[in-house]
$ cat entry_26.txt   # compact mmCIF, C-alpha atoms
# COMPACT_ATOMS: atom_id res chain seq x y z
CA MET J 133 13.12 12.06 46.58
CA LYS J 134 11.40 10.97 43.40
CA PHE J 135 7.64 11.09 43.21
CA GLU J 136 7.34 7.36 42.55
CA GLU J 137 9.55 6.48 45.55
CA ALA J 138 7.50 8.71 47.84
CA GLN J 139 4.26 7.27 46.48
CA ARG J 140 5.50 3.69 47.01
CA GLU J 141 6.63 4.43 50.55
CA LEU J 142 3.30 6.07 51.33
CA GLU J 143 1.46 2.99 50.12
CA ARG J 144 3.72 0.70 52.13
CA ILE J 145 2.99 2.75 55.24
CA VAL J 146 -0.75 2.57 54.61
CA GLN J 147 -0.55 -1.21 54.23
CA GLN J 148 1.53 -1.52 57.38
CA LEU J 149 -0.98 0.57 59.34
CA GLU J 150 -3.92 -1.31 57.87
CA SER J 151 -2.46 -4.65 58.95
CA GLY J 152 -2.72 -3.41 62.57
CA GLN J 153 0.67 -4.87 63.46
CA ALA J 154 2.41 -1.61 64.31
CA ASP J 155 2.72 -0.39 67.92
CA LEU J 156 0.77 2.74 68.60
CA ASP J 157 3.98 4.75 68.97
CA ASP J 158 5.24 3.37 65.70
CA ALA J 159 1.82 3.91 64.22
CA ILE J 160 1.90 7.58 65.09
CA GLY J 161 5.38 7.91 63.63
CA LEU J 162 4.33 6.06 60.48
CA TRP J 163 1.24 8.15 60.19
CA GLU J 164 3.23 11.37 60.47
CA ARG J 165 5.69 10.07 57.86
CA GLY J 166 2.77 9.19 55.62
CA GLU J 167 1.31 12.67 55.85
CA GLU J 168 4.74 14.12 55.03
CA LEU J 169 5.06 11.85 51.99
CA TYR J 170 1.60 12.82 50.83
CA ARG J 171 2.51 16.49 51.07
CA VAL J 172 5.71 15.92 49.05
CA CYS J 173 3.84 13.98 46.36
CA ALA J 174 1.01 16.47 46.10
CA GLU J 175 3.49 19.32 45.71
CA LYS J 176 5.34 17.47 42.98
CA LEU J 177 2.09 16.82 41.10
CA ASP J 178 1.01 20.44 41.46
CA SER J 179 4.33 21.63 40.14
CA ALA J 180 4.27 19.15 37.22
CA GLN J 181 0.74 20.18 36.31
CA GLY J 182 1.70 23.84 36.42
CA LYS J 183 4.64 23.22 34.09
CA ILE J 184 2.52 21.23 31.64
CA GLU J 185 -0.16 23.88 31.55
CA GLU J 186 2.40 26.62 31.04
CA LEU J 187 4.08 24.68 28.22
CA GLY J 188 0.66 24.04 26.66
CA ARG J 189 -0.04 27.77 26.62
CA ARG J 190 3.33 28.50 25.02
CA VAL J 191 2.82 25.84 22.30
CA GLU J 192 -0.68 27.14 21.66
CA ALA J 193 0.76 30.61 21.09
CA VAL J 194 3.00 29.40 18.22
CA ARG J 195 0.32 27.20 16.60
CA PRO J 196 0.68 27.45 12.80
CA ALA J 197 -2.08 29.19 10.88
CA GLU J 198 -4.60 26.96 9.13
CA PRO J 199 -3.69 26.74 5.45
CA ALA J 200 -6.27 28.31 3.18
CA MET R 237 8.99 -34.36 -58.50
CA ALA R 238 11.03 -32.73 -61.23
CA LYS R 239 14.51 -33.97 -61.66
CA VAL R 240 17.10 -31.42 -60.60
CA GLU R 241 20.19 -31.48 -62.73
CA ALA R 242 23.56 -31.54 -61.00
CA ALA R 243 27.07 -31.41 -62.37
CA GLN R 244 29.49 -34.05 -61.27
CA TYR R 245 33.02 -33.06 -60.08
CA GLY R 246 34.68 -36.32 -59.22
CA ASP R 247 32.50 -37.76 -56.49
CA ARG R 248 31.05 -34.31 -55.63
CA LYS R 249 27.56 -33.49 -56.81
CA VAL R 250 27.14 -29.74 -57.41
CA TYR R 251 23.91 -27.81 -58.16
CA SER R 252 23.61 -24.57 -60.00
CA VAL R 253 21.88 -21.78 -58.02
CA SER R 254 18.95 -21.95 -60.33
CA ALA R 255 18.65 -25.72 -60.02
CA PHE R 256 18.95 -25.55 -56.23
CA ASN R 257 16.25 -22.91 -56.00
CA ARG R 258 14.00 -24.88 -58.29
CA GLY R 259 14.56 -27.97 -56.15
CA VAL R 260 13.71 -26.15 -52.90
CA ALA R 261 10.73 -24.49 -54.57
CA ASP R 262 9.53 -27.87 -55.62
CA TRP R 263 9.82 -29.19 -52.06
CA LEU R 264 7.98 -26.20 -50.66
CA SER R 265 5.18 -26.52 -53.17
CA ARG R 266 4.34 -29.89 -51.69
CA LEU R 267 3.60 -28.42 -48.26
CA PRO R 268 -0.12 -28.11 -47.50
CA THR R 269 -2.18 -24.93 -47.73
CA VAL R 270 -2.73 -23.52 -44.21
CA TRP R 271 -4.18 -20.59 -42.25
CA VAL R 272 -1.64 -18.30 -40.58
CA GLU R 273 -2.52 -15.62 -38.07
CA GLY R 274 -0.58 -12.41 -37.70
CA GLU R 275 -0.55 -8.65 -37.91
CA VAL R 276 -0.31 -7.03 -41.30
CA THR R 277 2.62 -4.63 -41.59
CA GLU R 278 4.52 -2.98 -44.44
CA LEU R 279 1.66 -3.36 -46.87
CA ARG R 280 2.89 -2.35 -50.34
CA ARG R 281 0.43 -2.05 -53.19
CA GLN R 282 1.02 -0.36 -56.53
CA GLU R 283 -1.16 -0.28 -59.62
CA ARG R 284 1.70 -1.38 -61.88
CA TRP R 285 2.54 -4.40 -59.73
CA ALA R 286 0.92 -7.72 -60.33
CA SER R 287 1.09 -8.60 -56.63
CA VAL R 288 0.51 -6.90 -53.33
CA PHE R 289 3.27 -7.43 -50.74
CA PHE R 290 3.05 -7.35 -46.98
CA THR R 291 4.68 -8.78 -43.89
CA LEU R 292 2.82 -10.88 -41.36
CA LYS R 293 4.09 -10.27 -37.88
CA ASP R 294 3.63 -12.44 -34.82
CA PRO R 295 2.41 -10.13 -32.05
CA ALA R 296 3.89 -12.34 -29.35
CA ASP R 297 7.56 -12.34 -30.35
CA GLY R 298 7.76 -10.21 -33.48
CA ALA R 299 8.59 -13.10 -35.83
CA CYS R 300 8.02 -12.05 -39.44
CA LEU R 301 6.78 -13.72 -42.57
CA SER R 302 6.93 -12.09 -46.02
CA ALA R 303 3.72 -12.60 -47.92
CA SER R 304 2.28 -11.70 -51.28
CA MET R 305 -1.06 -11.91 -52.99
CA PRO R 306 -2.11 -11.25 -56.60
CA ARG R 307 -3.28 -7.63 -56.67
CA THR R 308 -6.61 -8.32 -58.39
CA GLN R 309 -7.51 -10.93 -55.76
CA PHE R 310 -6.42 -8.63 -52.97
CA ASP R 311 -8.47 -5.72 -54.34
CA ALA R 312 -11.52 -7.97 -54.76
CA LEU R 313 -11.52 -8.65 -51.00
CA ARG R 314 -12.04 -4.89 -50.31
CA LEU R 315 -10.46 -5.31 -46.89
CA ASP R 316 -8.97 -1.84 -46.61
CA LEU R 317 -6.43 -3.21 -44.15
CA ALA R 318 -4.63 -0.84 -41.82
CA ASP R 319 -1.09 -1.32 -40.65
CA GLY R 320 -1.00 -3.63 -37.60
CA GLU R 321 -4.41 -5.17 -38.17
CA ARG R 322 -4.77 -8.77 -37.22
CA VAL R 323 -5.72 -11.19 -39.97
CA HIS R 324 -5.98 -14.84 -40.86
CA VAL R 325 -4.24 -15.58 -44.14
CA TYR R 326 -4.89 -18.74 -46.11
CA GLY R 327 -1.98 -19.76 -48.31
CA ARG R 328 1.11 -21.82 -48.82
CA PRO R 329 4.85 -21.32 -48.70
CA GLU R 330 6.58 -20.44 -51.91
CA LEU R 331 10.08 -19.71 -53.09
CA PHE R 332 10.58 -16.87 -55.56
CA GLU R 333 13.12 -18.74 -57.58
CA ALA R 334 14.85 -15.84 -59.32
CA ARG R 335 15.86 -14.35 -55.94
CA GLY R 336 15.78 -17.31 -53.59
CA ASP R 337 13.28 -15.38 -51.51
CA PHE R 338 10.99 -17.39 -49.32
CA ARG R 339 7.49 -16.04 -48.91
CA PHE R 340 3.97 -16.96 -48.06
CA ARG R 341 1.67 -16.90 -51.04
CA ALA R 342 -1.73 -15.73 -49.85
CA LEU R 343 -4.83 -17.13 -51.47
CA SER R 344 -7.26 -15.44 -49.14
CA ILE R 345 -7.23 -12.99 -46.24
CA GLU R 346 -9.82 -12.65 -43.51
CA ARG R 347 -9.95 -9.85 -41.07
CA PHE R 348 -9.82 -11.08 -37.50
CA GLY R 349 -13.45 -10.85 -36.38
CA LEU R 350 -15.01 -10.15 -33.01
CA GLY R 351 -15.59 -13.86 -32.39
CA ASP R 352 -11.95 -14.60 -33.23
CA HIS R 353 -10.84 -11.84 -30.88
CA LEU R 354 -12.97 -13.22 -28.07
CA ALA R 355 -11.74 -16.76 -28.58
CA ALA R 356 -8.12 -15.61 -28.79
CA LEU R 357 -8.59 -13.46 -25.71
CA GLU R 358 -10.03 -16.35 -23.74
CA ARG R 359 -7.12 -18.58 -24.77
CA LEU R 360 -4.57 -15.93 -23.88
CA LYS R 361 -6.30 -15.31 -20.57
CA ARG R 362 -6.10 -18.97 -19.63
CA LYS R 363 -2.48 -19.20 -20.71
CA LEU R 364 -1.37 -16.13 -18.75
CA ALA R 365 -3.40 -17.19 -15.73
CA THR R 366 -1.58 -20.51 -15.74
CA GLU R 367 1.69 -18.60 -15.70
CA GLY R 368 0.50 -16.75 -12.61
CA LEU R 369 0.51 -13.35 -14.26
CA PHE R 370 -2.76 -12.32 -12.69
CA GLU R 371 -1.76 -12.71 -9.07
CA ARG R 372 0.32 -9.66 -8.37
CA ARG R 373 -1.16 -7.42 -5.69
CA ARG R 374 1.68 -5.29 -4.44
CA PRO R 375 0.75 -2.58 -1.93
CA LEU R 376 0.79 0.98 -3.19
CA PRO R 377 3.21 3.49 -1.66
CA ARG R 378 1.51 5.74 0.89
CA PHE R 379 3.43 8.76 -0.29
CA PRO R 380 4.66 8.18 -3.85
CA ARG R 381 7.64 10.35 -4.69
CA ARG R 382 6.52 10.55 -8.29
CA ILE R 383 3.55 9.06 -10.12
CA GLY R 384 3.90 7.85 -13.69
CA LEU R 385 0.80 8.41 -15.80
CA VAL R 386 0.36 6.63 -19.11
CA THR R 387 -2.45 8.14 -21.12
CA GLY R 388 -3.53 9.33 -24.53
CA ASN R 389 -2.58 12.89 -25.43
CA ASP R 390 -5.26 15.40 -24.53
CA ALA R 391 -7.48 12.63 -23.23
CA ALA R 392 -10.26 13.34 -20.77
CA ALA R 393 -8.82 10.46 -18.74
CA LYS R 394 -5.59 12.40 -18.31
CA ARG R 395 -7.34 15.58 -17.23
CA ASP R 396 -9.59 13.67 -14.81
CA PHE R 397 -6.66 11.94 -13.18
CA LEU R 398 -4.50 15.06 -12.86
CA THR R 399 -7.39 17.08 -11.43
CA ALA R 400 -8.41 14.42 -8.94
CA ALA R 401 -4.83 13.72 -7.82
CA THR R 402 -3.78 17.33 -7.31
CA THR R 403 -7.04 18.29 -5.63
CA ARG R 404 -6.71 15.46 -3.18
CA PHE R 405 -2.99 15.89 -2.61
CA PRO R 406 -1.66 19.23 -3.92
CA PRO R 407 2.07 18.35 -3.63
CA ALA R 408 1.61 15.26 -5.87
CA ARG R 409 4.32 15.00 -8.54
CA ILE R 410 3.15 13.39 -11.74
CA VAL R 411 5.14 12.59 -14.86
CA THR R 412 2.95 11.95 -17.87
CA ALA R 413 3.81 9.67 -20.77
CA GLU R 414 1.49 10.38 -23.67
CA THR R 415 1.01 7.55 -26.10
CA TYR R 416 -1.45 5.89 -28.42
CA VAL R 417 -4.18 4.25 -26.40
CA GLN R 418 -6.02 2.59 -29.26
CA GLY R 419 -5.28 1.14 -32.64
CA PRO R 420 -2.74 -1.44 -33.74
CA ARG R 421 0.28 0.54 -32.54
CA ALA R 422 -1.08 1.21 -29.07
CA ALA R 423 0.06 -1.96 -27.27
CA GLN R 424 3.72 -1.56 -28.21
CA ALA R 425 3.58 2.19 -27.57
CA ILE R 426 2.15 1.66 -24.08
CA VAL R 427 4.77 -0.99 -23.32
CA GLU R 428 7.44 1.55 -24.29
CA ALA R 429 5.79 4.28 -22.22
CA ILE R 430 5.77 2.04 -19.14
CA GLY R 431 9.40 1.12 -19.77
CA GLY R 432 10.34 4.79 -20.05
CA LEU R 433 8.63 5.67 -16.77
CA CYS R 434 10.29 2.73 -15.02
CA GLU R 435 13.66 4.20 -15.90
CA LEU R 436 12.92 7.22 -13.72
CA ASP R 437 14.28 6.27 -10.30
CA ASP R 438 11.73 8.16 -8.23
CA VAL R 439 8.62 6.86 -9.99
CA ASP R 440 6.98 4.68 -7.33
CA VAL R 441 3.71 3.81 -9.03
CA ILE R 442 2.33 3.86 -12.56
CA VAL R 443 -1.26 4.56 -13.56
CA LEU R 444 -2.69 3.47 -16.89
CA ALA R 445 -5.59 5.81 -17.61
CA ARG R 446 -7.91 5.50 -20.54
CA GLY R 447 -11.54 6.42 -20.89
CA GLY R 448 -14.16 3.91 -21.87
CA GLY R 449 -14.31 2.56 -25.39
CA SER R 450 -15.62 -0.19 -27.57
CA PHE R 451 -14.35 -3.72 -27.31
CA GLU R 452 -12.06 -3.12 -30.30
CA ASP R 453 -10.79 0.18 -28.85
CA LEU R 454 -9.68 -1.58 -25.71
CA LEU R 455 -8.05 -4.55 -27.46
CA PRO R 456 -4.51 -3.17 -26.99
CA PHE R 457 -5.10 -3.51 -23.25
CA SER R 458 -5.44 -7.24 -23.71
CA ASP R 459 -2.33 -7.50 -25.88
CA GLU R 460 0.05 -10.17 -24.62
CA ARG R 461 3.07 -7.86 -24.80
CA LEU R 462 1.35 -5.22 -22.71
CA VAL R 463 -0.04 -7.70 -20.20
CA ARG R 464 3.43 -9.16 -19.72
CA ALA R 465 4.97 -5.72 -19.37
CA VAL R 466 2.42 -4.79 -16.73
CA ALA R 467 2.95 -8.04 -14.82
CA SER R 468 6.72 -7.62 -14.77
CA CYS R 469 6.80 -3.89 -14.09
CA ARG R 470 9.29 -2.66 -11.46
CA VAL R 471 6.66 -0.62 -9.62
CA PRO R 472 3.01 -1.35 -8.82
CA ILE R 473 0.57 -0.53 -11.60
CA VAL R 474 -2.94 0.81 -11.22
CA SER R 475 -5.12 0.10 -14.21
CA ALA R 476 -7.88 2.60 -14.86
CA VAL R 477 -9.08 1.48 -18.24
CA GLY R 478 -12.71 2.36 -18.80
CA HIS R 479 -14.84 -0.65 -19.54
CA GLU R 480 -18.23 -1.98 -18.80
CA GLN R 481 -18.38 -5.73 -19.27
CA ASP R 482 -15.22 -7.21 -20.67
CA THR R 483 -12.25 -6.84 -18.40
CA PRO R 484 -9.07 -6.13 -20.39
CA LEU R 485 -6.33 -8.56 -19.41
CA THR R 486 -4.15 -5.63 -18.35
CA ASP R 487 -6.65 -5.09 -15.55
CA LEU R 488 -6.04 -8.61 -14.28
CA ALA R 489 -2.28 -8.28 -14.45
CA ALA R 490 -2.20 -4.87 -12.74
CA ASP R 491 -1.66 -4.66 -8.99
CA HIS R 492 -4.79 -2.54 -8.52
CA ARG R 493 -7.84 -1.58 -10.55
CA ALA R 494 -9.97 1.51 -10.60
CA SER R 495 -13.10 1.94 -12.67
CA THR R 496 -12.29 5.56 -13.54
CA PRO R 497 -9.12 7.70 -13.65
CA SER R 498 -10.48 9.82 -10.77
CA LEU R 499 -10.84 6.74 -8.60
CA ALA R 500 -7.30 5.71 -9.57
CA ALA R 501 -6.13 9.06 -8.19
CA ARG R 502 -7.79 8.22 -4.87
CA LEU R 503 -5.75 5.02 -4.75
CA VAL R 504 -2.35 6.54 -5.45
CA VAL R 505 -2.36 9.75 -3.43
CA PRO R 506 -3.37 10.28 0.18
CA ASP R 507 -6.08 12.79 1.08
CA ALA R 508 -4.27 15.91 2.29
CA ASP R 509 -7.28 17.08 4.34
CA GLU R 510 -7.55 13.73 6.05
CA LEU R 511 -3.82 13.75 6.80
CA ARG R 512 -4.07 17.22 8.29
CA GLU R 513 -7.04 16.23 10.42
CA ARG R 514 -5.27 13.13 11.68
CA LEU R 515 -2.19 15.19 12.51
CA GLU R 516 -4.34 17.58 14.54
CA GLN R 517 -5.96 14.69 16.39
CA THR R 518 -2.60 13.20 17.21
CA ARG R 519 -1.38 16.56 18.42
CA GLU R 520 -4.44 16.92 20.64
CA ARG R 521 -3.72 13.53 22.17
CA LEU R 522 -0.09 14.51 22.64
CA ARG R 523 -1.21 17.68 24.38
CA ARG R 524 -3.51 15.81 26.74
CA ALA R 525 -1.23 12.91 27.53
CA PRO R 526 0.95 14.53 30.25
CA LEU R 527 -2.04 15.98 32.12
CA LEU R 528 -3.69 12.59 31.97
CA THR R 529 -0.61 11.10 33.63
CA VAL R 530 -0.74 13.72 36.37
CA GLU R 531 -4.44 13.05 36.92
CA ARG R 532 -3.94 9.30 37.21
CA LYS R 533 -1.08 9.72 39.64
CA ARG R 534 -3.08 12.18 41.67
CA ALA R 535 -6.02 9.80 41.92
CA ARG R 536 -3.72 7.05 43.17
CA LEU R 537 -2.07 9.40 45.64
CA GLU R 538 -5.44 10.61 46.97
CA ALA R 539 -6.62 7.03 47.39
CA ALA R 540 -3.55 6.22 49.53
CA HIS R 541 -4.01 9.40 51.48
CA GLY R 542 -7.66 8.64 52.17
CA ARG R 543 -6.70 5.26 53.63
CA LEU R 544 -3.92 6.90 55.68
CA ARG R 545 -6.35 9.35 57.22
CA ALA R 546 -8.76 6.61 58.16
CA LEU R 547 -5.89 5.01 60.09
CA SER R 548 -4.80 8.18 61.80
CA PRO R 549 -4.45 7.61 65.58
CA SER R 550 -5.86 11.06 66.19
CA ALA R 551 -9.05 9.93 64.45
CA THR R 552 -9.27 7.04 66.90
CA LEU R 553 -8.70 9.34 69.89
CA GLU R 554 -11.30 11.64 68.37
CA ARG R 555 -13.80 8.82 68.70
CA GLY R 556 -13.27 8.80 72.54
CA TYR R 557 -10.33 6.50 73.07
CA ALA R 558 -7.36 7.57 75.19
CA VAL R 559 -3.70 6.60 75.27
CA VAL R 560 -2.19 5.98 78.74
CA ARG R 561 1.57 6.30 79.04
CA HIS R 562 3.85 5.55 81.92
CA GLY R 563 7.42 6.76 81.71
CA GLY R 564 6.91 7.46 78.01
CA ARG R 565 5.75 3.88 77.31
CA ILE R 566 2.21 3.00 76.40
CA VAL R 567 0.39 1.10 79.13
CA ARG R 568 -1.34 -1.94 77.63
CA GLY R 569 -2.33 -3.85 80.79
CA SER R 570 -3.09 -3.11 84.44
CA GLY R 571 -0.12 -5.28 85.44
CA GLU R 572 2.24 -2.59 84.18
CA ILE R 573 1.08 -0.12 86.84
CA GLU R 574 -0.02 -0.07 90.44
CA ARG R 575 -1.75 2.22 92.89
CA GLY R 576 0.06 5.54 93.02
CA THR R 577 1.76 5.23 89.61
CA ARG R 578 1.91 8.53 87.75
CA VAL R 579 0.53 8.20 84.24
CA ASP R 580 0.05 10.54 81.35
CA VAL R 581 -3.26 10.36 79.45
CA GLU R 582 -3.58 11.60 75.86
CA LEU R 583 -6.99 12.46 74.48
CA GLY R 584 -8.34 13.46 71.11
CA ARG R 585 -7.97 17.05 72.21
CA GLY R 586 -5.28 17.67 74.86
CA GLY R 587 -4.51 15.35 77.80
CA PHE R 588 -3.80 15.27 81.54
CA GLY R 589 -1.56 13.77 84.19
CA ALA R 590 -3.07 11.38 86.77
CA THR R 591 -2.27 9.07 89.66
CA VAL R 592 -3.58 5.50 89.68
CA GLU R 593 -6.19 4.98 92.43
CA GLU R 594 -6.71 1.28 91.91
CA THR R 595 -6.05 -1.44 89.37
CA ARG R 596 -8.21 -4.30 88.14
CA GLU R 597 -7.26 -7.56 86.67

$ encode --input "entry_26.txt" --output "structure tokens"
Amino acid sequence: MKFEEAQRELERIVQQLESGQADLDDAIGLWERGEELYRVCAEKLDSAQGKIEELGRRVEAVRPAEPA
Amino acid sequence: MAKVEAAQYGDRKVYSVSAFNRGVADWLSRLPTVWVEGEVTELRRQERWASVFFTLKDPADGACLSASMPRTQFDALRLDLADGERVHVYGRPELFEARGDFRFRALSIERFGLGDHLAALERLKRKLATEGLFERRRPLPRFPRRIGLVTGNDAAAKRDFLTAATTRFPPARIVTAETYVQGPRAAQAIVEAIGGLCELDDVDVIVLARGGGSFEDLLPFSDERLVRAVASCRVPIVSAVGHEQDTPLTDLAADHRASTPSLAARLVVPDADELRERLEQTRERLRRAPLLTVERKRARLEAAHGRLRALSPSATLERGYAVVRHGGRIVRGSGEIERGTRVDVELGRGGFGATVEETRE
């Protein structure tokens, strides 16, 4: 699942829950799904951030010397 | 008017060469005495000649007029004329009968004075302005492949420009055309220098650099030929002709002006240090951009998550509410159950089974 899809679904669930229309059973199911989506998204962000930071360190290592 | 003899061949009237020349000379001699302005060239004076000979040249289109003046009169003027100097000559047309040569017989010569120069300059300025020659303002290339520099040989202006340009932008490529920058031959020489530089395909801009000078020194830079050449040049021209009050017309026709050659260099080459700094800044932004994206997305995610947690049913149960189920379905009203019905109660922490004792409406 793509990050953006998960994020959109999470926000839809929040809206649905906030509207108070859902049955309690459904609400619990939605809530559980929401927590799952949050976990997926957070992991994706953590992994992206790790990659970016790693790449940044590699680029920094090959930075050209300042010309005299 | 003298009678010109002609021989008669049948009904054809035929003149001898001598008679024809005399006739034309006679006609010419009746033309009025006038002032003619031009540049003196090919001045020939010899002690054994009765006359001094020279050619008057029109600086605008190069038209020529042969002229002569009795040597004693010429010497008495003590003009000490140099080749290319502008003069006003008072005289009349004359035919040298023996050779059929037409020439202007000078009675007096006056060197073109400062006032004449100013008046002529003002006239020329108005004329060229009317033609729209002073309206070109083409943008300069940001990174010229090659810069054409027109300057005097060994001039301080040249050194100043080269130093300023290469200090500011070390990889600058400059092709220099050395030429006269003052005197009667300067205007044409500069026109030729510009033309030569224009023939080089990779020359993207031309700089005219000349240090300050007197009004007369800078006159070539107001020469009509040069002004026209500048206005019609293939590439933009930066004029860096030193001057204090009077603006040479070349300055007006050029695309850009600089008050010194060093300032001209600032116009035509970028500042390498500035470029490097900007590159570093851009790189820093590039480096930060992805993390910024992650941070924004995280903030949005956390906001959604915060709302989700506020809605969590367990949070509600935590506050003291309980969920009553019967046969797996949530009981919402007392009508759904009756005395003795087994129900399951869920609490914030844990739950229990129970039997209904009584119901209320």

$ interface_residues --input "entry_26.txt" --of "chain R" --to "chain J" --cutoff "8 Å" --atoms "all atoms listed in the file" --output "PyMOL selection string"
chain R and resi 523+526-527+530+533-534+537+540-541+543-544+547-549+566

$ closest_residue --input "entry_26.txt" --among "R:Ala296, R:Leu301, R:Cys469, R:Leu436" --to "Ala423 in chain R" --atoms "all atoms listed in the file"
R:Ala296

$ residues_near_point --input "entry_26.txt" --point "(11.4, -15.7, -52.5)" --cutoff "12 Å" --atoms "all atoms listed in the file" --output "JSON, numbers by chain"
{"R": [257, 258, 260, 261, 264, 289, 301, 302, 303, 304, 329, 330, 331, 332, 333, 334, 335, 336, 337, 338, 339, 340, 341]}

$ write_last_selection --input "entry_26.txt" --atoms "C-alpha atoms" --output "short mmCIF file (atom, residue, chain, number, x, y, z; two decimals), keeping the file's coordinate frame"
data_model
loop_
_atom_site.label_atom_id
_atom_site.label_comp_id
_atom_site.auth_asym_id
_atom_site.auth_seq_id
_atom_site.Cartn_x
_atom_site.Cartn_y
_atom_site.Cartn_z
CA ASN R 257 16.25 -22.91 -56.00
CA ARG R 258 14.00 -24.88 -58.29
CA VAL R 260 13.71 -26.15 -52.90
CA ALA R 261 10.73 -24.49 -54.57
CA LEU R 264 7.98 -26.20 -50.66
CA PHE R 289 3.27 -7.43 -50.74
CA LEU R 301 6.78 -13.72 -42.57
CA SER R 302 6.93 -12.09 -46.02
CA ALA R 303 3.72 -12.60 -47.92
CA SER R 304 2.28 -11.70 -51.28
CA PRO R 329 4.85 -21.32 -48.70
CA GLU R 330 6.58 -20.44 -51.91
CA LEU R 331 10.08 -19.71 -53.09
CA PHE R 332 10.58 -16.87 -55.56
CA GLU R 333 13.12 -18.74 -57.58
CA ALA R 334 14.85 -15.84 -59.32
CA ARG R 335 15.86 -14.35 -55.94
CA GLY R 336 15.78 -17.31 -53.59
CA ASP R 337 13.28 -15.38 -51.51
CA PHE R 338 10.99 -17.39 -49.32
CA ARG R 339 7.49 -16.04 -48.91
CA PHE R 340 3.97 -16.96 -48.06
CA ARG R 341 1.67 -16.90 -51.04
#

$ residues_around --input "entry_26.txt" --residues "range 305-316 of chain R" --least-positions-apart "2" --cutoff "9 Å" --atoms "all atoms listed in the file" --output "list in words"
Arg281, Gln282, Glu283, Trp285, Ala286, Ser287, Val288, Phe289, Phe290, Ala303, Ala318, Phe340, Arg341, Ala342, Leu343, Ser344, Ile345, Glu346 and Arg347 of chain R

$ residues_around --input "entry_26.txt" --residues "range 432-435 of chain R" --least-positions-apart "4" --cutoff "12 Å" --atoms "all atoms listed in the file" --output "MDAnalysis selection string"
chainID R and resid 382:386 410:415 425:428 439:444 465:466 468:473

$ atom_distance --input "entry_26.txt" --atom1 "CA of Ala422 in chain R" --atom2 "CA of Ser498 in chain R"
22.3 Å

$ atom_distance --input "entry_26.txt" --atom1 "CA of Glu597 in chain R" --atom2 "CA of Gly563 in chain R"
21.1 Å

$ residues_around --input "entry_26.txt" --residues "Gln418 in chain R" --least-positions-apart "5" --cutoff "12 Å" --atoms "only C-alpha atoms" --output "number ranges by chain"
R: 320-321, 387-389, 391, 423-426, 446-459, 477

$ atom_distance --input "entry_26.txt" --atom1 "CA of Thr277 in chain R" --atom2 "CA of Asp319 in chain R"
5.1 Å

$ residues_around --input "entry_26.txt" --residues "Arg565 in chain R" --least-positions-apart "5" --cutoff "12 Å" --atoms "only C-alpha atoms" --output "MDAnalysis selection string"
(chainID J and resid 155:158) or (chainID R and resid 559:560 572:573 579:581)

$ write_last_selection --input "entry_26.txt" --atoms "C-alpha atoms" --output "compact mmCIF listing (two decimals), keeping the file's coordinate frame"
# COMPACT_ATOMS: atom_id res chain seq x y z
CA ASP J 155 2.72 -0.39 67.92
CA LEU J 156 0.77 2.74 68.60
CA ASP J 157 3.98 4.75 68.97
CA ASP J 158 5.24 3.37 65.70
CA VAL R 559 -3.70 6.60 75.27
CA VAL R 560 -2.19 5.98 78.74
CA GLU R 572 2.24 -2.59 84.18
CA ILE R 573 1.08 -0.12 86.84
CA VAL R 579 0.53 8.20 84.24
CA ASP R 580 0.05 10.54 81.35
CA VAL R 581 -3.26 10.36 79.45

$ residues_around --input "entry_26.txt" --residues "Leu511 in chain R" --least-positions-apart "6" --cutoff "12 Å" --atoms "all atoms listed in the file" --output "PDB file with C-alpha atoms, keeping the file's coordinate frame"
ATOM      1  CA  ARG R 378       1.510   5.740   0.890  1.00  0.00           C
ATOM      2  CA  PHE R 379       3.430   8.760  -0.290  1.00  0.00           C
ATOM      3  CA  ARG R 404      -6.710  15.460  -3.180  1.00  0.00           C
ATOM      4  CA  PHE R 405      -2.990  15.890  -2.610  1.00  0.00           C
ATOM      5  CA  VAL R 505      -2.360   9.750  -3.430  1.00  0.00           C
ATOM      6  CA  GLN R 517      -5.960  14.690  16.390  1.00  0.00           C
ATOM      7  CA  THR R 518      -2.600  13.200  17.210  1.00  0.00           C
TER       8      THR R 518
END
